[in-house]
Amino acid sequence: MLWAVNIVAGVFLLVLLAVRKNYRTYAAFSIYVFLNLILGVLAFLVYRWLGFSSDASWRISWGMQALVLCARGLAVMEVCKHLLSHYRGVWALAWRILLGCASLVLLYAGLAARHGLGFVLPKAERALELAIAAVIVGVFVFLRYYDVEAKREDRSLALGFCLYSCFGVLNNTVLERFLDSYVTLWNFLGMLAFLASMLLWTWALRKPQTEGSPKETLLPSGVYQTLAPQFNLRLRLLNEQLVQFWKTEATRN
Amino acid sequence: MNLTLILFFGFVALLLLALGWALRKPRNARNLPTDPHALEEGQRHVDYLPQIRQALAAADYDFLSRRASRGALQRVRKDRRGIALAYLAALRGNFQSLLRMARVIAVLSPEVAAAHEFERLRLTTKFAWQYQMIRWKLMAGFAPLPQLDGLSALVSGLSVRMEAALKELGERAALAAELTSSMNRRGLSAV
């Protein structure tokens with residue numbers, strides 16, 4: 001039942017992307033939704049033919065999941081770019097930091113996971129989901145730190161990806177712990193979380209989107225080179241005042 | 001409890017906390033100036049520094065402790081603490097104005113240097129930590145009021161340095177804003 005609802009929601013989102021011509025703005029996202037839909041149907045057929053618990057269906061479905069995950073990674077990259085790339089300098093700094101963060105998170109997930117070859121695919125998926133969530137949170141932190149406005153639609157798309165990824169991590173972790181007794185619930189909760197994300201995306205893309213917001217007028221690069229050290233100097237001065245105050249207090253105490 | 005479970009649930013909890021913080025509107029975001037000329041506003045408290053210095057002078061307190069009643073002395077102590085806290089708040093206001101301007105410049109620049117950005121992040125963290133520590137200390141009354149004498153020396157030093165710094169910075173920021181607006185008028189982009 002939930003599977004059918006997910007398919008209908010996916011088709012609706014895809015139609016919405018086509019009708020509103022949002023696939024131009026969100027090409028990678030559209031491909032992800034399309035691929036997810038197609039592979040979802042294929043997975044259903046595979047389970048029907050080979051059985052839910054068979055080794056072959058397990059391998060095929062995880063292979064397809066890996067494809068979907070790659071597509072999701074690209075879609076997330078696209079959304080992150082939409083969120084920050086108007087600010088060229090900040091984006092150039094941000095994507096390097098985010099890439100570094102993603103690598104560290106992958107490493108963390110690898111170390112935190114139980115060793116052994118069992119459940120390699122779910123573990124890899126969990127690591128990638130965690131990296132995706134960390135990257136999206138990182139982008140939101142950048143937006144907050146630099147106090148820049150982003151389009152509500154982009155924020156909603158990113159939020160949908162982030163919450164789904166977080167849930168995916170938790171769901172896979174519980175699955176690893178409780179194995180067979182949790183498989184049915186794991187599947188149900190996974191679909192429910194995806195449905196929630198799809199509803200959020202559908203709401204975000206209900207209106208046609210313009211192809212990127214107009215570029216900000218940037219300052220000549222010399223301005224930053226001149227002013228940034230000056231600002232830092234002033235900030236350091238204020239810090240020194242506080243340090244002196246602190247030291248005065250501490251000495252007298 | 002399984003360690004893997006703790007590690008992953010903990011990490012996700014941290015991510016969600018960070019997400020919540022990032023999505024929350026800053027409390028005073030709308031009050032902070034973005035206009036470079038608004039930096040001059042930050043100078044206002046500097047104009048009152050002689051009075052603040054006078055209010056915090058040790059001689060005044062000594063004089064009062066000899067002549068005034070216990071109640072009056074307590075009120076003075078409370079007022080002096082209020083002045084110190086207000087001074088700290090003004091310092092913080094200045095810091096935040098500068099920070100905001102620096103961020104605007106970074107956002108509008110085609111290239112930013114990681115070293116400058118990390119340095120600013122470090123200074124911000126350091127300032128926030130020290131500010132809170134001093135504030136709590138003052139509020140809890142751990143800093144006996146005569147100790148606030150040191151503040152007057154700090155304040156007078158700061159007034160001279162900040163006045164010069166803010167003036168110079170205001171001029172530079174105004175120049176940057178002028179450059180941007182002139183490009184806008186001509187319909188050009190620096191990109």
# chains A, B, ... in the order shown; residues from 1 in each chain; ligands from 1
call {"tool": "interface_residues", "arguments": {"of": "chain B", "to": "chain A", "cutoff": "6 Å", "atoms": "only C-alpha atoms", "output": "MDAnalysis selection string"}}
result
chainID B and resid 4 19 22 103 107:112 127 189:190
call {"tool": "atom_distance", "arguments": {"atom1": "atom CA of Tyr26 of chain A", "atom2": "atom CA of Leu39 of chain A"}}
result
19.8 Å
call {"tool": "residues_around", "arguments": {"residues": "Ala4 of chain A", "least_positions_apart": "4", "cutoff": "12 Å", "atoms": "only C-alpha atoms", "output": "list of chain:residue names"}}
result
A:Val8, A:Ala9, A:Gly10, A:Val11, A:Leu37, A:Gly40, A:Val41, A:Phe44, A:Met191, A:Leu192, A:Leu195
call {"tool": "write_last_selection", "arguments": {"atoms": "N, CA and C atoms", "output": "PDB file, in the first residue's frame"}}
result
ATOM      1  N   VAL A   8       2.894   6.733  -6.642  1.00  0.00           N
ATOM      2  CA  VAL A   8       1.986   7.799  -7.090  1.00  0.00           C
ATOM      3  C   VAL A   8       2.598   9.164  -6.784  1.00  0.00           C
ATOM      4  N   ALA A   9       3.149   9.306  -5.568  1.00  0.00           N
ATOM      5  CA  ALA A   9       3.772  10.590  -5.187  1.00  0.00           C
ATOM      6  C   ALA A   9       4.970  10.891  -6.087  1.00  0.00           C
ATOM      7  N   GLY A  10       5.734   9.861  -6.419  1.00  0.00           N
ATOM      8  CA  GLY A  10       6.891  10.036  -7.304  1.00  0.00           C
ATOM      9  C   GLY A  10       6.475  10.466  -8.691  1.00  0.00           C
ATOM     10  N   VAL A  11       5.422   9.815  -9.212  1.00  0.00           N
ATOM     11  CA  VAL A  11       4.921  10.173 -10.551  1.00  0.00           C
ATOM     12  C   VAL A  11       4.411  11.612 -10.529  1.00  0.00           C
ATOM     13  N   LEU A  37      12.161   6.336  -9.221  1.00  0.00           N
ATOM     14  CA  LEU A  37      10.848   5.782  -9.587  1.00  0.00           C
ATOM     15  C   LEU A  37      11.016   4.492 -10.395  1.00  0.00           C
ATOM     16  N   GLY A  40      12.507   1.781  -8.338  1.00  0.00           N
ATOM     17  CA  GLY A  40      11.522   1.339  -7.344  1.00  0.00           C
ATOM     18  C   GLY A  40      10.605   0.278  -7.945  1.00  0.00           C
ATOM     19  N   VAL A  41      10.160   0.541  -9.162  1.00  0.00           N
ATOM     20  CA  VAL A  41       9.289  -0.420  -9.859  1.00  0.00           C
ATOM     21  C   VAL A  41      10.069  -1.708 -10.123  1.00  0.00           C
ATOM     22  N   PHE A  44      10.462  -3.761  -7.066  1.00  0.00           N
ATOM     23  CA  PHE A  44       9.204  -4.446  -6.757  1.00  0.00           C
ATOM     24  C   PHE A  44       9.090  -5.738  -7.580  1.00  0.00           C
ATOM     25  N   MET A 191      10.328   3.785   3.619  1.00  0.00           N
ATOM     26  CA  MET A 191       9.378   4.288   2.605  1.00  0.00           C
ATOM     27  C   MET A 191       8.603   5.494   3.125  1.00  0.00           C
ATOM     28  N   LEU A 192       8.267   5.417   4.417  1.00  0.00           N
ATOM     29  CA  LEU A 192       7.510   6.519   5.030  1.00  0.00           C
ATOM     30  C   LEU A 192       8.355   7.807   5.028  1.00  0.00           C
ATOM     31  N   LEU A 195       8.545   9.169   1.572  1.00  0.00           N
ATOM     32  CA  LEU A 195       7.276   9.812   1.203  1.00  0.00           C
ATOM     33  C   LEU A 195       7.218  11.224   1.796  1.00  0.00           C
TER      34      LEU A 195
END
call {"tool": "atom_distance", "arguments": {"atom1": "atom CA of Leu83 of chain A", "atom2": "atom CA of Ala150 of chain A"}}
result
5.7 Å
call {"tool": "decode", "arguments": {"residues": "segment 66-171 of chain A", "atoms": "C-alpha atoms", "output": "short mmCIF file (atom, residue, chain, number, x, y, z; two decimals), in the first residue's frame"}}
result
data_model
loop_
_atom_site.label_atom_id
_atom_site.label_comp_id
_atom_site.auth_asym_id
_atom_site.auth_seq_id
_atom_site.Cartn_x
_atom_site.Cartn_y
_atom_site.Cartn_z
CA ALA A 66 23.86 2.24 -5.03
CA LEU A 67 22.80 3.80 -8.34
CA VAL A 68 20.07 5.81 -6.64
CA LEU A 69 22.54 6.94 -4.02
CA CYS A 70 24.93 8.23 -6.69
CA ALA A 71 22.05 10.10 -8.33
CA ARG A 72 21.11 11.52 -4.94
CA GLY A 73 24.67 12.66 -4.40
CA LEU A 74 24.55 14.56 -7.68
CA ALA A 75 21.15 16.06 -6.84
CA VAL A 76 22.46 17.18 -3.44
CA MET A 77 25.47 18.76 -5.16
CA GLU A 78 23.12 20.62 -7.46
CA VAL A 79 21.00 21.90 -4.58
CA CYS A 80 24.10 22.97 -2.63
CA LYS A 81 25.30 24.83 -5.69
CA HIS A 82 21.93 26.55 -6.00
CA LEU A 83 22.14 27.59 -2.36
CA LEU A 84 25.63 29.06 -2.32
CA SER A 85 27.17 29.41 -5.76
CA HIS A 86 25.84 32.95 -6.33
CA TYR A 87 28.49 34.04 -3.86
CA ARG A 88 31.54 33.00 -5.83
CA GLY A 89 34.21 33.57 -3.23
CA VAL A 90 32.31 31.94 -0.40
CA TRP A 91 31.27 29.02 -2.61
CA ALA A 92 34.88 28.41 -3.67
CA LEU A 93 35.84 28.17 -0.01
CA ALA A 94 32.72 26.25 1.02
CA TRP A 95 32.89 23.40 -1.47
CA ARG A 96 36.46 22.60 -0.50
CA ILE A 97 35.58 22.57 3.18
CA LEU A 98 32.45 20.54 2.56
CA LEU A 99 34.37 18.01 0.51
CA GLY A 100 36.86 17.70 3.36
CA CYS A 101 34.00 17.29 5.84
CA ALA A 102 32.38 14.61 3.69
CA SER A 103 35.67 12.68 3.55
CA LEU A 104 36.08 12.91 7.32
CA VAL A 105 32.50 11.79 7.89
CA LEU A 106 33.03 8.82 5.57
CA LEU A 107 36.12 7.93 7.57
CA TYR A 108 34.20 8.31 10.84
CA ALA A 109 31.38 6.12 9.55
CA GLY A 110 33.91 3.51 8.45
CA LEU A 111 35.60 3.48 11.84
CA ALA A 112 32.39 3.60 13.83
CA ALA A 113 30.83 0.71 11.93
CA ARG A 114 31.37 -2.80 13.19
CA HIS A 115 34.19 -4.52 11.40
CA GLY A 116 33.67 -7.47 9.14
CA LEU A 117 32.32 -7.95 5.66
CA GLY A 118 28.75 -8.56 6.69
CA PHE A 119 26.30 -5.85 5.70
CA VAL A 120 28.92 -4.09 3.56
CA LEU A 121 26.35 -2.44 1.31
CA PRO A 122 24.09 -1.11 4.07
CA LYS A 123 27.21 0.14 5.86
CA ALA A 124 28.45 1.90 2.72
CA GLU A 125 25.01 3.37 2.18
CA ARG A 126 24.88 4.58 5.76
CA ALA A 127 28.28 6.21 5.43
CA LEU A 128 27.23 8.01 2.25
CA GLU A 129 23.92 9.07 3.80
CA LEU A 130 25.80 10.48 6.77
CA ALA A 131 28.18 12.34 4.48
CA ILE A 132 25.23 13.77 2.51
CA ALA A 133 23.53 14.92 5.70
CA ALA A 134 26.78 16.47 6.98
CA VAL A 135 27.33 18.33 3.70
CA ILE A 136 23.81 19.77 3.72
CA VAL A 137 24.09 20.82 7.35
CA GLY A 138 27.45 22.36 6.43
CA VAL A 139 25.84 24.41 3.67
CA PHE A 140 23.15 25.64 6.07
CA VAL A 141 25.85 26.57 8.58
CA PHE A 142 27.64 28.55 5.86
CA LEU A 143 24.38 30.31 4.97
CA ARG A 144 23.85 31.21 8.60
CA TYR A 145 27.45 32.25 9.21
CA TYR A 146 27.56 34.57 6.21
CA ASP A 147 23.94 35.58 6.79
CA VAL A 148 22.96 35.09 3.16
CA GLU A 149 19.46 34.53 1.93
CA ALA A 150 18.66 31.45 -0.11
CA LYS A 151 15.57 30.61 -2.11
CA ARG A 152 12.96 28.89 0.00
CA GLU A 153 12.59 26.15 -2.63
CA ASP A 154 16.30 25.31 -2.50
CA ARG A 155 16.20 25.25 1.28
CA SER A 156 13.20 22.91 1.26
CA LEU A 157 14.86 20.55 -1.22
CA ALA A 158 18.03 20.48 0.86
CA LEU A 159 16.04 19.97 4.05
CA GLY A 160 14.18 17.04 2.49
CA PHE A 161 17.46 15.40 1.51
CA CYS A 162 19.02 16.05 4.89
CA LEU A 163 16.16 14.69 6.98
CA TYR A 164 15.82 11.65 4.75
CA SER A 165 19.56 10.96 4.98
CA CYS A 166 19.55 11.35 8.78
CA PHE A 167 16.65 8.99 9.02
CA GLY A 168 18.36 6.56 6.64
CA VAL A 169 21.43 6.48 8.90
CA LEU A 170 19.38 5.75 12.01
CA ASN A 171 17.23 3.18 10.22
#
